[in-house]
Structure formats: structure tokens, C-alpha cells
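Asker: If it helps, the file is called coords22.cif and holds mmCIF, C-alpha atoms and all ligand atoms:
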```cif
data_protein
loop_
_atom_site.label_atom_id
_atom_site.label_comp_id
_atom_site.auth_asym_id
_atom_site.auth_seq_id
_atom_site.Cartn_x
_atom_site.Cartn_y
_atom_site.Cartn_z
CA MET N 1 124.31 99.73 79.35
CA PRO N 2 121.76 101.47 81.62
CA LEU N 3 120.88 100.21 85.09
CA PRO N 4 118.14 97.52 84.80
CA LYS N 5 114.88 98.66 86.35
CA ALA N 6 111.13 98.10 86.50
CA GLU N 7 108.74 100.94 85.74
CA LEU N 8 105.71 100.81 88.06
CA HIS N 9 104.10 104.22 87.53
CA LEU N 10 103.49 104.97 83.88
CA HIS N 11 100.30 106.21 82.23
CA ILE N 12 100.34 104.93 78.67
CA GLU N 13 98.31 107.94 77.50
CA GLY N 14 101.06 110.11 79.00
CA THR N 15 103.59 108.64 76.57
CA LEU N 16 101.91 110.31 73.59
CA GLU N 17 104.72 112.37 72.08
CA PRO N 18 103.72 115.42 69.96
CA GLU N 19 105.02 113.80 66.75
CA LEU N 20 102.86 110.69 67.25
CA ALA N 21 99.89 112.87 68.27
CA PHE N 22 100.05 114.70 64.92
CA GLU N 23 100.59 111.44 63.02
CA LEU N 24 97.49 109.88 64.61
CA ALA N 25 95.49 113.08 64.16
CA ALA N 26 96.20 112.94 60.42
CA ARG N 27 95.45 109.22 60.24
CA ASN N 28 92.11 109.64 62.02
CA ASP N 29 91.14 112.99 60.54
CA VAL N 30 91.09 114.63 63.97
CA GLU N 31 91.81 118.35 64.17
CA LEU N 32 94.20 119.41 66.95
CA PRO N 33 94.00 123.02 68.19
CA TYR N 34 97.78 123.46 67.71
CA ALA N 35 99.54 124.48 64.50
CA ASP N 36 102.43 122.02 64.88
CA THR N 37 104.54 120.06 67.38
CA ASP N 38 106.40 123.19 68.50
CA ALA N 39 103.13 125.00 69.27
CA LEU N 40 101.94 121.93 71.17
CA ARG N 41 105.17 121.70 73.18
CA LYS N 42 104.69 125.33 74.20
CA ALA N 43 101.48 124.26 75.95
CA TYR N 44 103.53 122.01 78.28
CA ASP N 45 103.80 124.71 80.92
CA PHE N 46 101.77 123.44 83.86
CA ASP N 47 100.93 125.12 87.15
CA GLY N 48 99.62 121.97 88.83
CA LEU N 49 97.98 118.62 88.21
CA GLN N 50 94.72 119.98 86.74
CA SER N 51 96.39 122.12 84.06
CA PHE N 52 98.32 119.04 82.92
CA LEU N 53 95.21 116.84 83.01
CA ASN N 54 93.35 119.29 80.74
CA LEU N 55 95.93 118.81 77.98
CA TYR N 56 96.33 115.07 78.69
CA TYR N 57 92.59 114.48 78.14
CA GLU N 58 92.44 116.84 75.15
CA LEU N 59 95.20 115.04 73.22
CA MET N 60 93.59 111.63 73.76
CA ALA N 61 91.14 112.59 70.99
CA VAL N 62 93.67 111.24 68.46
CA LEU N 63 93.52 107.69 69.93
CA ARG N 64 90.67 105.91 68.14
CA THR N 65 91.55 102.43 66.88
CA GLU N 66 93.27 99.29 68.17
CA ARG N 67 96.20 100.15 65.93
CA ASP N 68 96.54 103.59 67.59
CA PHE N 69 96.82 102.01 71.05
CA GLU N 70 99.22 99.40 69.70
CA ASP N 71 101.45 102.06 68.13
CA LEU N 72 101.36 104.15 71.31
CA ALA N 73 102.42 101.20 73.48
CA ASN N 74 105.13 100.05 71.06
CA ALA N 75 106.62 103.54 70.96
CA TYR N 76 106.75 103.60 74.77
CA LEU N 77 108.20 100.09 75.09
CA ALA N 78 110.99 100.86 72.60
CA ARG N 79 111.97 104.03 74.48
CA ALA N 80 111.72 102.36 77.88
CA ALA N 81 113.84 99.39 76.77
CA ALA N 82 116.56 101.75 75.53
CA GLN N 83 116.69 103.24 79.06
CA GLY N 84 117.09 99.92 80.87
CA VAL N 85 113.43 99.14 81.67
CA ARG N 86 113.15 95.35 81.83
CA HIS N 87 109.61 95.19 83.23
CA ALA N 88 106.75 97.72 82.96
CA GLU N 89 103.44 97.82 84.85
CA ILE N 90 101.37 100.12 82.67
CA PHE N 91 98.35 102.23 83.66
CA PHE N 92 95.53 103.03 81.29
CA ASP N 93 92.43 105.22 81.73
CA PRO N 94 89.48 103.44 80.06
CA GLN N 95 86.84 105.95 81.21
CA ALA N 96 88.57 108.73 79.28
CA HIS N 97 88.22 106.64 76.11
CA ILE N 98 84.76 105.17 76.68
CA ALA N 99 83.46 108.73 77.22
CA ARG N 100 84.67 109.55 73.68
CA GLY N 101 82.96 106.51 72.18
CA VAL N 102 86.03 104.26 72.09
CA ALA N 103 85.16 100.81 73.48
CA MET N 104 86.97 99.05 76.32
CA ALA N 105 87.75 96.20 73.91
CA THR N 106 89.47 98.58 71.45
CA VAL N 107 91.68 99.99 74.22
CA VAL N 108 92.61 96.72 75.93
CA GLU N 109 93.05 94.61 72.81
CA GLY N 110 94.96 97.41 71.08
CA LEU N 111 97.36 97.75 74.00
CA TRP N 112 97.64 93.97 74.19
CA ARG N 113 98.80 93.75 70.57
CA ALA N 114 101.96 95.52 71.77
CA LEU N 115 102.17 94.12 75.31
CA GLY N 116 101.57 90.51 74.30
CA SER N 117 104.66 90.55 72.07
CA SER N 118 106.73 92.97 74.13
CA GLU N 119 109.17 90.39 75.47
CA ALA N 120 109.95 89.19 71.96
CA ASN N 121 110.00 92.66 70.37
CA HIS N 122 111.46 94.83 73.12
CA GLY N 123 112.82 92.49 75.82
CA VAL N 124 110.39 94.04 78.32
CA SER N 125 107.90 92.00 80.37
CA THR N 126 104.65 93.82 81.12
CA ARG N 127 101.52 93.99 83.25
CA LEU N 128 98.43 96.13 82.68
CA ILE N 129 96.75 98.17 85.44
CA MET N 130 93.33 99.71 84.82
CA CYS N 131 92.84 103.07 86.54
CA PHE N 132 89.59 104.67 87.63
CA LEU N 133 89.23 108.44 87.33
CA ARG N 134 88.67 109.70 90.87
CA ASP N 135 86.89 112.86 89.67
CA GLU N 136 84.24 110.61 88.10
CA SER N 137 81.57 108.89 90.21
CA ALA N 138 81.89 105.66 92.17
CA GLU N 139 79.07 104.25 89.97
CA SER N 140 81.08 104.99 86.84
CA ALA N 141 84.05 103.10 88.34
CA LEU N 142 81.79 100.09 89.03
CA GLU N 143 80.46 100.19 85.45
CA THR N 144 84.04 100.33 84.18
CA LEU N 145 85.01 97.26 86.20
CA GLU N 146 81.97 95.49 84.76
CA ALA N 147 83.01 96.47 81.22
CA ALA N 148 86.49 95.08 81.88
CA LYS N 149 85.26 91.63 82.92
CA PRO N 150 85.66 90.04 79.45
CA HIS N 151 89.30 91.25 79.44
CA LEU N 152 90.49 90.27 82.90
CA ASP N 153 93.01 87.80 81.47
CA ARG N 154 94.88 90.90 80.23
CA ILE N 155 94.54 93.00 83.40
CA THR N 156 96.63 92.45 86.56
CA GLY N 157 95.34 95.22 88.78
CA ILE N 158 93.46 98.44 89.34
CA GLY N 159 94.57 101.95 90.19
CA LEU N 160 93.10 105.37 90.94
CA ASP N 161 94.22 108.56 89.21
CA SER N 162 93.19 112.02 87.90
CA ALA N 163 92.33 115.07 90.07
CA GLU N 164 93.10 114.07 93.67
CA VAL N 165 92.02 116.86 96.02
CA GLY N 166 88.37 116.53 97.03
CA HIS N 167 88.19 112.91 95.89
CA PRO N 168 89.34 110.82 98.85
CA PRO N 169 90.09 107.12 98.36
CA ALA N 170 87.09 105.99 100.47
CA LYS N 171 84.79 107.14 97.64
CA PHE N 172 85.94 103.98 95.80
CA ARG N 173 85.65 101.41 98.60
CA GLU N 174 83.03 99.34 96.80
CA VAL N 175 84.84 99.00 93.47
CA TYR N 176 88.12 98.13 95.22
CA GLU N 177 86.33 95.40 97.20
CA ALA N 178 84.78 94.04 94.00
CA ALA N 179 88.16 94.10 92.23
CA ALA N 180 89.85 92.31 95.14
CA ALA N 181 87.17 89.60 94.96
CA LEU N 182 88.08 89.16 91.27
CA GLY N 183 91.73 88.60 92.23
CA LEU N 184 92.98 91.97 90.96
CA ARG N 185 95.96 93.69 92.58
CA ARG N 186 95.33 97.15 94.02
CA VAL N 187 97.27 100.42 93.88
CA ALA N 188 96.17 104.08 94.08
CA HIS N 189 97.60 107.54 93.57
CA ALA N 190 97.67 109.25 96.97
CA GLY N 191 99.60 112.11 98.52
CA GLU N 192 100.61 113.73 95.22
CA GLU N 193 98.54 116.89 95.77
CA GLY N 194 96.24 115.35 98.39
CA PRO N 195 96.98 115.21 102.14
CA PRO N 196 98.74 112.38 104.02
CA GLU N 197 95.32 111.17 105.27
CA TYR N 198 94.54 110.04 101.71
CA ILE N 199 97.55 107.70 101.87
CA THR N 200 96.34 106.17 105.13
CA GLU N 201 92.83 105.82 103.68
CA ALA N 202 94.12 104.13 100.51
CA LEU N 203 95.88 101.55 102.69
CA ASP N 204 93.13 101.03 105.26
CA VAL N 205 89.98 101.39 103.16
CA LEU N 206 91.08 100.31 99.69
CA GLY N 207 93.68 97.73 100.76
CA VAL N 208 96.27 98.95 98.27
CA GLU N 209 99.66 97.25 98.04
CA ARG N 210 101.56 100.23 96.66
CA ILE N 211 101.08 103.98 96.84
CA ASP N 212 101.56 105.97 93.64
CA HIS N 213 103.50 109.15 94.48
CA GLY N 214 102.94 109.28 98.26
CA LEU N 215 105.21 112.32 98.47
CA ARG N 216 103.16 114.10 101.13
CA CYS N 217 103.65 111.23 103.63
CA MET N 218 106.67 113.30 104.70
CA GLU N 219 104.27 115.65 106.54
CA SER N 220 103.34 112.86 108.96
CA PRO N 221 106.12 111.17 110.98
CA GLU N 222 103.69 108.45 112.14
CA LEU N 223 102.78 107.63 108.55
CA VAL N 224 106.42 107.56 107.47
CA GLU N 225 107.13 105.12 110.29
CA ARG N 226 104.25 102.89 109.24
CA LEU N 227 105.17 102.92 105.53
CA ALA N 228 108.80 102.13 106.35
CA ARG N 229 107.93 99.38 108.84
CA ASP N 230 105.48 97.70 106.48
CA ARG N 231 107.73 98.17 103.43
CA ILE N 232 104.90 99.77 101.46
CA PRO N 233 106.34 100.68 98.06
CA LEU N 234 106.03 104.30 96.90
CA THR N 235 106.21 104.90 93.15
CA LEU N 236 107.85 108.32 92.99
CA CYS N 237 108.06 110.39 89.80
CA PRO N 238 110.66 113.15 90.32
CA LEU N 239 110.44 114.94 86.95
CA SER N 240 106.64 114.89 87.20
CA ASN N 241 106.83 116.51 90.64
CA VAL N 242 108.90 119.38 89.24
CA ARG N 243 106.71 119.92 86.15
CA LEU N 244 103.50 119.87 88.23
CA ARG N 245 105.06 122.16 90.85
CA THR N 246 104.77 119.66 93.69
CA VAL N 247 108.41 120.49 94.42
CA ASP N 248 110.19 123.71 93.41
CA THR N 249 113.26 122.15 91.83
CA LEU N 250 114.73 118.68 91.59
CA ALA N 251 117.37 119.68 94.14
CA ASP N 252 114.51 120.18 96.64
CA HIS N 253 113.04 116.71 96.06
CA PRO N 254 112.62 114.74 99.31
CA LEU N 255 113.83 111.45 97.76
CA PRO N 256 117.11 111.36 99.76
CA ALA N 257 115.23 112.07 103.01
CA MET N 258 112.68 109.43 102.11
CA LEU N 259 115.39 106.82 101.53
CA ASP N 260 117.11 107.85 104.77
CA ALA N 261 113.79 107.34 106.57
CA GLY N 262 113.77 103.73 105.35
CA LEU N 263 110.92 104.15 102.85
CA MET N 264 110.71 101.70 99.98
CA CYS N 265 111.02 104.20 97.14
CA THR N 266 111.01 103.56 93.42
CA VAL N 267 111.67 106.05 90.59
CA ASN N 268 109.32 106.24 87.61
CA SER N 269 108.31 108.57 84.78
CA ASP N 270 104.49 109.02 85.19
CA ASP N 271 103.74 110.82 81.87
CA PRO N 272 107.12 110.98 80.17
CA ALA N 273 106.00 112.73 76.97
CA TYR N 274 104.77 115.66 79.07
CA PHE N 275 107.26 115.79 81.94
CA GLY N 276 110.59 115.77 80.16
CA GLY N 277 111.86 112.24 80.46
CA TYR N 278 111.49 108.48 80.59
CA ALA N 279 112.52 106.17 83.44
CA GLY N 280 116.24 106.34 82.76
CA ASP N 281 116.06 110.14 82.44
CA ASN N 282 114.44 110.28 85.89
CA PHE N 283 117.24 108.14 87.37
CA GLU N 284 119.85 110.34 85.71
CA ALA N 285 118.15 113.53 86.90
CA VAL N 286 118.01 112.46 90.57
CA GLN N 287 121.58 111.20 90.39
CA LYS N 288 122.77 114.56 89.08
CA SER N 289 120.58 116.91 91.14
CA LEU N 290 120.52 114.99 94.42
CA GLY N 291 123.95 113.35 94.28
CA LEU N 292 122.62 109.87 95.01
CA SER N 293 125.33 107.27 95.57
CA GLU N 294 125.66 104.15 93.44
CA ASP N 295 124.36 102.14 96.42
CA ARG N 296 121.23 104.30 96.51
CA LEU N 297 120.67 103.95 92.76
CA ARG N 298 121.06 100.19 93.03
CA GLU N 299 118.61 100.20 95.96
CA LEU N 300 116.04 102.07 93.82
CA ALA N 301 116.44 99.54 90.99
CA ARG N 302 116.23 96.60 93.42
CA ASN N 303 113.10 98.08 95.01
CA SER N 304 111.42 98.40 91.62
CA PHE N 305 111.59 94.65 91.03
CA LEU N 306 110.74 93.77 94.65
CA ALA N 307 107.66 96.03 94.46
CA SER N 308 106.53 94.70 91.07
CA PHE N 309 103.64 92.29 90.60
CA LEU N 310 105.87 89.41 89.49
CA GLU N 311 104.57 86.92 92.07
CA ASP N 312 103.43 84.66 89.23
CA ASP N 313 106.95 84.61 87.81
CA GLU N 314 109.45 84.55 90.67
CA GLU N 315 112.08 83.02 88.42
CA ARG N 316 111.98 86.12 86.23
CA ARG N 317 112.07 88.43 89.26
CA SER N 318 115.19 86.61 90.55
CA ARG N 319 116.83 87.01 87.16
CA TYR N 320 116.14 90.75 87.11
CA LEU N 321 117.37 91.15 90.70
CA ALA N 322 120.58 89.31 89.83
CA GLU N 323 121.09 91.75 86.92
CA VAL N 324 120.73 94.67 89.35
CA GLU N 325 123.27 93.24 91.78
CA ALA N 326 125.75 92.47 88.98
CA TYR N 327 125.40 95.91 87.38
CA GLU N 328 128.64 97.89 87.08
CA PHE N 329 128.22 101.68 87.11
O1 LIG I 401 100.38 112.37 87.58
C1 LIG I 401 99.17 112.07 87.56
N1 LIG I 401 98.40 112.21 88.65
C2 LIG I 401 97.11 111.92 88.63
N2 LIG I 401 96.48 111.46 87.56
C3 LIG I 401 97.18 111.29 86.45
N3 LIG I 401 96.79 110.84 85.25
C4 LIG I 401 97.86 110.84 84.46
N4 LIG I 401 98.92 111.30 85.13
C5 LIG I 401 98.52 111.58 86.39
ZN ZN I 402 100.50 109.09 87.85
#
```
Here is a file; write its structure as C-alpha cells.
Ligand code: HPA
Ligand SMILES: [Zn+2]
Answerer:
Amino acid sequence: MPLPKAELHLHIEGTLEPELAFELAARNDVELPYADTDALRKAYDFDGLQSFLNLYYELMAVLRTERDFEDLANAYLARAAAQGVRHAEIFFDPQAHIARGVAMATVVEGLWRALGSSEANHGVSTRLIMCFLRDESAESALETLEAAKPHLDRITGIGLDSAEVGHPPAKFREVYEAAAALGLRRVAHAGEEGPPEYITEALDVLGVERIDHGLRCMESPELVERLARDRIPLTLCPLSNVRLRTVDTLADHPLPAMLDAGLMCTVNSDDPAYFGGYAGDNFEAVQKSLGLSEDRLRELARNSFLASFLEDDEERRSRYLAEVEAYEF
């Protein structure tokens, strides 16, 4: 039995495996510019975030109907469950779909068909986090929040993703304030490719409760001290960092130094179909390459539940935490 864990950094569009991409392309009569799954997999050779994002947005063309989003989410939940994920807080990128003529309702209700029955079907509790694309305008983010208003019973929080450098968090101050007023939880990608200042800005200007990635905090001792003191969760994605060349190899990943510095780290998969592994694969990879002790692995699993948005279900959180403490390696 794998170590029980929560996944807090997972883009549902990044779980689109080549086989499902071709299945949906056939179903929706969409032509993909790749001969087959092998040819597509050969395109998974990224030299940074933008080269990945180009393919990530291109493949979304196959997602058209509620059923497509439902199938995508069910495929992820089944794989995640098999790797010990007991709770998943799932990002989605509505602007990337609305721009292609796919309505917010199609995306959210399609995902919900899988998420709403996930506990019964997969034994995984879920939350949905709507991300704004930071390389789109602040006005577009506000329009997206407006479009989401009929669906807020399905949506727990907001996030910020896509191309980071040149798009500082403060650009989205207004939409984060509006979302907070609606009772939405707030997270943001920061310090993946962007500088440590973006992490500080996400905390101070956007009021985020967790930082997605946050790797580059290690360049600022003052920031590390603050993040550790305030127990700000960082949702790290080790295999993603290697594939997007944020670190050279897994053995060079700063996770051990981050844990030693007292940072509240969690381990997640980001876009598992593209980066070579799901949540459990990421745990296994850091265990093997970084020699993390069982205590450290248990700490990472414990952190994932402590950092999750389960405040409305503390009984469940306690149950998950008890599973972590009782786990035998
Ligand atoms: O790793 C990522 N970083 C930024 N934006 C993203 N959108 C999907 N995955 C990512
Ligand atoms: Zn991400």
C-alpha cells in the first residue's frame, strides 16, 4: 500500500495522456499534428516552461464536451488513487478553453461529473481551483471570475499559472481581492522561473495561503526565514522541475535543503502526463535520488494534508493524518 497523501498542485489538463488525447481527437474529429502516440511522446522534450506550455495548450484542442472533461478527470483520479492520493485539489485553466469556444459551464460541470462522485468511485476527496493565465490580461481574469459566478458551489479557490517571467503577481491584485470577497481560497504559482520577489508579492499583494513551486525562495535567506516561520506551504513538483530544466537533475533538487530550513514542503506532480510521473512516482523519485528518510517522507505526506483546504471537513483531515502516522514503510 502506498503512503497516503494529498495532491495540491495538479493541472487537470496536464493529465492528458497521449492515448486519451488520440481517443478524444477521434471522438471529436479533431486533427492532431502527430502521427501517433509515439510521435507525440517525442515532442515531450522541453527546454523550459514556455516550450511545455506550447504543447499543453495545443493538445487541449481535443477537449470539447462535458464528457471529455469527465473522462479526463476520471482517468486522473484512478491513477492518483492507485498511488496513494486520498485527497486532490485540482487546478483547471478555463481561459484556455473559453478562448477555443468551450464554455465555462462545459468545463466545470464536466469536471464535476467526475469529482462529485470521486469519493464513491475512487476513494479520493476533491476540491477544484480555478487558475487565471498570467500571460493574459487582468481584465480577462476579472471576466473569467464573473463567468465562474454561477458555478462557485463547485469551486474552492483560485490560482495563477502559465508563463511567469514578466507577469508579476501584482498584475492580478484586483481579481484576487474580488475572489477573496466571494470567500474563495487563494494560491499562486511563484518562484518557478520567476524571482523570489514574486513569492513575496504573491503573499503581500494577493494574500495567497500557499505558494505553488516557490523553488527560487532559496535565493533569499530572509524569504526562507519568513516562509518557515509562517508555515507557508510550498507545493513542490520535483519531476516537473527536472523536465522544465529548473534543476539539472533530481539529485540536485533543493528539497532536502528546503526541509532542513524548516520550510513546509509538499510533493506533487504538476502535469504528470508530460513530466514522467504521478504523485507516488514523485515521492518514489525523491526517495531514490535524494535519499530521504522515512521520517522525511512521512513529514511530506503529513504536510500535504495540513496544507490542504479541508477546513470544512476537519474530521476527514484527522482521519487522513491518522493514516499517515500509522503508515508502515
Ligand atoms: O508548471 C506549470 N507552471 C506554470 N503554468 C502551468 N500550467 C500548467 N502547468 C504549469
Ligand atoms: Zn503548476
Asker: Would you mind listing what lies within 12 Å of N:Pro221 as number ranges by chain, with only C-alpha atoms counted and same-chain residues fewer than 5 positions away left out?
Answerer: N: 196, 216, 226-228, 258, 261, 263
Asker: Generate the output file for the selected residues, C-alpha atoms, as a PDB file, keeping the file's coordinate frame.
Answerer:
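Produced file out.pdb, reproduced below:
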```pdb
ATOM      1  CA  PRO N 196      98.740 112.380 104.020  1.00  0.00           C
ATOM      2  CA  ARG N 216     103.160 114.100 101.130  1.00  0.00           C
ATOM      3  CA  ARG N 226     104.250 102.890 109.240  1.00  0.00           C
ATOM      4  CA  LEU N 227     105.170 102.920 105.530  1.00  0.00           C
ATOM      5  CA  ALA N 228     108.800 102.130 106.350  1.00  0.00           C
ATOM      6  CA  MET N 258     112.680 109.430 102.110  1.00  0.00           C
ATOM      7  CA  ALA N 261     113.790 107.340 106.570  1.00  0.00           C
ATOM      8  CA  LEU N 263     110.920 104.150 102.850  1.00  0.00           C
TER       9      LEU N 263
END
```
Asker: Find the spatial neighbours of N:Arg154, counting only C-alpha atoms, within a cut-off of 9 Å - ignore same-chain residues fewer than 2 positions away - and output them as an MDAnalysis selection string.
Answerer: chainID N and resid 108:109 112 116 127:128 151:152 156
Asker: Keeping C-alpha atoms, export the residues of the selection given above as a compact mmCIF listing (two decimals), in the frame of the given file.
Answerer:
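The file below, selection_27.txt, is the result:
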```
# COMPACT_ATOMS: atom_id res chain seq x y z
CA VAL N 108 92.61 96.72 75.93
CA GLU N 109 93.05 94.61 72.81
CA TRP N 112 97.64 93.97 74.19
CA GLY N 116 101.57 90.51 74.30
CA ARG N 127 101.52 93.99 83.25
CA LEU N 128 98.43 96.13 82.68
CA HIS N 151 89.30 91.25 79.44
CA LEU N 152 90.49 90.27 82.90
CA THR N 156 96.63 92.45 86.56
```
Asker: Wanna dump the stretch 105-212 of chain N-stretch 303-322 of chain N contacts at 12 Å for me, each residue with its shortest atom pair and the distance in Å to one decimal, counting all atoms listed in the file, ordered by chain and number, as JSON lines?
Answerer:
```
{"residue": "N:Glu119", "atom": "CA", "partner": "N:Arg316", "partner_atom": "CA", "distance": 11.9}
{"residue": "N:Gly123", "atom": "CA", "partner": "N:Tyr320", "partner_atom": "CA", "distance": 11.9}
{"residue": "N:Val124", "atom": "CA", "partner": "N:Tyr320", "partner_atom": "CA", "distance": 11.0}
{"residue": "N:Ser125", "atom": "CA", "partner": "N:Arg316", "partner_atom": "CA", "distance": 9.2}
{"residue": "N:Thr126", "atom": "CA", "partner": "N:Leu310", "partner_atom": "CA", "distance": 9.5}
{"residue": "N:Arg127", "atom": "CA", "partner": "N:Phe309", "partner_atom": "CA", "distance": 7.8}
{"residue": "N:Leu128", "atom": "CA", "partner": "N:Phe309", "partner_atom": "CA", "distance": 10.2}
{"residue": "N:Ile129", "atom": "CA", "partner": "N:Phe309", "partner_atom": "CA", "distance": 10.4}
{"residue": "N:Ile155", "atom": "CA", "partner": "N:Phe309", "partner_atom": "CA", "distance": 11.6}
{"residue": "N:Thr156", "atom": "CA", "partner": "N:Phe309", "partner_atom": "CA", "distance": 8.1}
{"residue": "N:Gly157", "atom": "CA", "partner": "N:Phe309", "partner_atom": "CA", "distance": 9.0}
{"residue": "N:Ile158", "atom": "CA", "partner": "N:Phe309", "partner_atom": "CA", "distance": 12.0}
{"residue": "N:Leu184", "atom": "CA", "partner": "N:Phe309", "partner_atom": "CA", "distance": 10.7}
{"residue": "N:Arg185", "atom": "CA", "partner": "N:Phe309", "partner_atom": "CA", "distance": 8.1}
{"residue": "N:Arg186", "atom": "CA", "partner": "N:Phe309", "partner_atom": "CA", "distance": 10.2}
{"residue": "N:Val187", "atom": "CA", "partner": "N:Phe309", "partner_atom": "CA", "distance": 10.8}
{"residue": "N:Glu209", "atom": "CA", "partner": "N:Ala307", "partner_atom": "CA", "distance": 8.8}
{"residue": "N:Arg210", "atom": "CA", "partner": "N:Ala307", "partner_atom": "CA", "distance": 7.7}
{"residue": "N:Ile211", "atom": "CA", "partner": "N:Ala307", "partner_atom": "CA", "distance": 10.6}
{"residue": "N:Asp212", "atom": "CA", "partner": "N:Ala307", "partner_atom": "CA", "distance": 11.7}
```
Asker: Leaving out N:Arg134 and any residue of its chain fewer than 4 positions from it, which residues lie within 12 Å of it when counting all atoms listed in the file, given as a PDB file with C-alpha atoms, in the coordinates of the input?
Answerer:
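That gives us result.pdb:
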```pdb
ATOM      1  CA  ASP N  93      92.430 105.220  81.730  1.00  0.00           C
ATOM      2  CA  GLN N  95      86.840 105.950  81.210  1.00  0.00           C
ATOM      3  CA  ALA N  96      88.570 108.730  79.280  1.00  0.00           C
ATOM      4  CA  ALA N 138      81.890 105.660  92.170  1.00  0.00           C
ATOM      5  CA  GLU N 139      79.070 104.250  89.970  1.00  0.00           C
ATOM      6  CA  SER N 140      81.080 104.990  86.840  1.00  0.00           C
ATOM      7  CA  ALA N 141      84.050 103.100  88.340  1.00  0.00           C
ATOM      8  CA  LEU N 142      81.790 100.090  89.030  1.00  0.00           C
ATOM      9  CA  GLY N 159      94.570 101.950  90.190  1.00  0.00           C
ATOM     10  CA  LEU N 160      93.100 105.370  90.940  1.00  0.00           C
ATOM     11  CA  ASP N 161      94.220 108.560  89.210  1.00  0.00           C
ATOM     12  CA  SER N 162      93.190 112.020  87.900  1.00  0.00           C
ATOM     13  CA  ALA N 163      92.330 115.070  90.070  1.00  0.00           C
ATOM     14  CA  GLU N 164      93.100 114.070  93.670  1.00  0.00           C
ATOM     15  CA  VAL N 165      92.020 116.860  96.020  1.00  0.00           C
ATOM     16  CA  GLY N 166      88.370 116.530  97.030  1.00  0.00           C
ATOM     17  CA  HIS N 167      88.190 112.910  95.890  1.00  0.00           C
ATOM     18  CA  PRO N 168      89.340 110.820  98.850  1.00  0.00           C
ATOM     19  CA  PRO N 169      90.090 107.120  98.360  1.00  0.00           C
ATOM     20  CA  ALA N 170      87.090 105.990 100.470  1.00  0.00           C
ATOM     21  CA  LYS N 171      84.790 107.140  97.640  1.00  0.00           C
ATOM     22  CA  PHE N 172      85.940 103.980  95.800  1.00  0.00           C
ATOM     23  CA  ARG N 173      85.650 101.410  98.600  1.00  0.00           C
ATOM     24  CA  VAL N 175      84.840  99.000  93.470  1.00  0.00           C
ATOM     25  CA  ALA N 188      96.170 104.080  94.080  1.00  0.00           C
ATOM     26  CA  HIS N 189      97.600 107.540  93.570  1.00  0.00           C
ATOM     27  CA  ALA N 190      97.670 109.250  96.970  1.00  0.00           C
TER      28      ALA N 190
END
```
Asker: Show which residues sit within 12 Å of N:Leu77, as an MDAnalysis selection string. Count all atoms listed in the file, and ignore same-chain residues fewer than 6 positions away.
Answerer: chainID N and resid 6:7 10 12 15 70:71 83:90 111 114:126 278:279
Asker: Leaving out N:Thr144 and any residue of its chain fewer than 6 positions from it, which residues lie within 9 Å of it when counting only C-alpha atoms, given as a PyMOL selection string?
Answerer: chain N and resi 94-95+98+104+132
Asker: When distances are computed from all atoms listed in the file, which of N:Asn268, N:Ser240, N:Ser293, N:Asn28 shows the smallest separation from ligand LIG 401 (chain I)?
Answerer: N:Ser240
Asker: I'd like the interatomic distance between atom CA of N:Leu63 and atom CA of N:Pro238, to a tenth of an Å.
Answerer: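 Result for atom CA of N:Leu63 versus atom CA of N:Pro238: 27.2 Å, one decimal.
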Asker: At what distance in Å, to one decimal, does atom CA of N:Gly194 lie from atom CA of N:Leu259?
Answerer: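 These two atoms are separated by 21.2 Å.
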Asker: Just checking: using all atoms listed in the file, which residue out of N:Gly183, N:Gly207, N:Pro18, N:Gly48 ends up closest to ligand LIG 401 (chain I)?
Answerer: N:Gly48
Asker: Would you please work out which residue, of N:Ala82, N:Leu55, N:Ala178, N:Ala273, is nearest to N:Leu16 when using all atoms listed in the file?
Answerer: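 Looking at the shortest contact to N:Leu16, the residue is N:Ala273.
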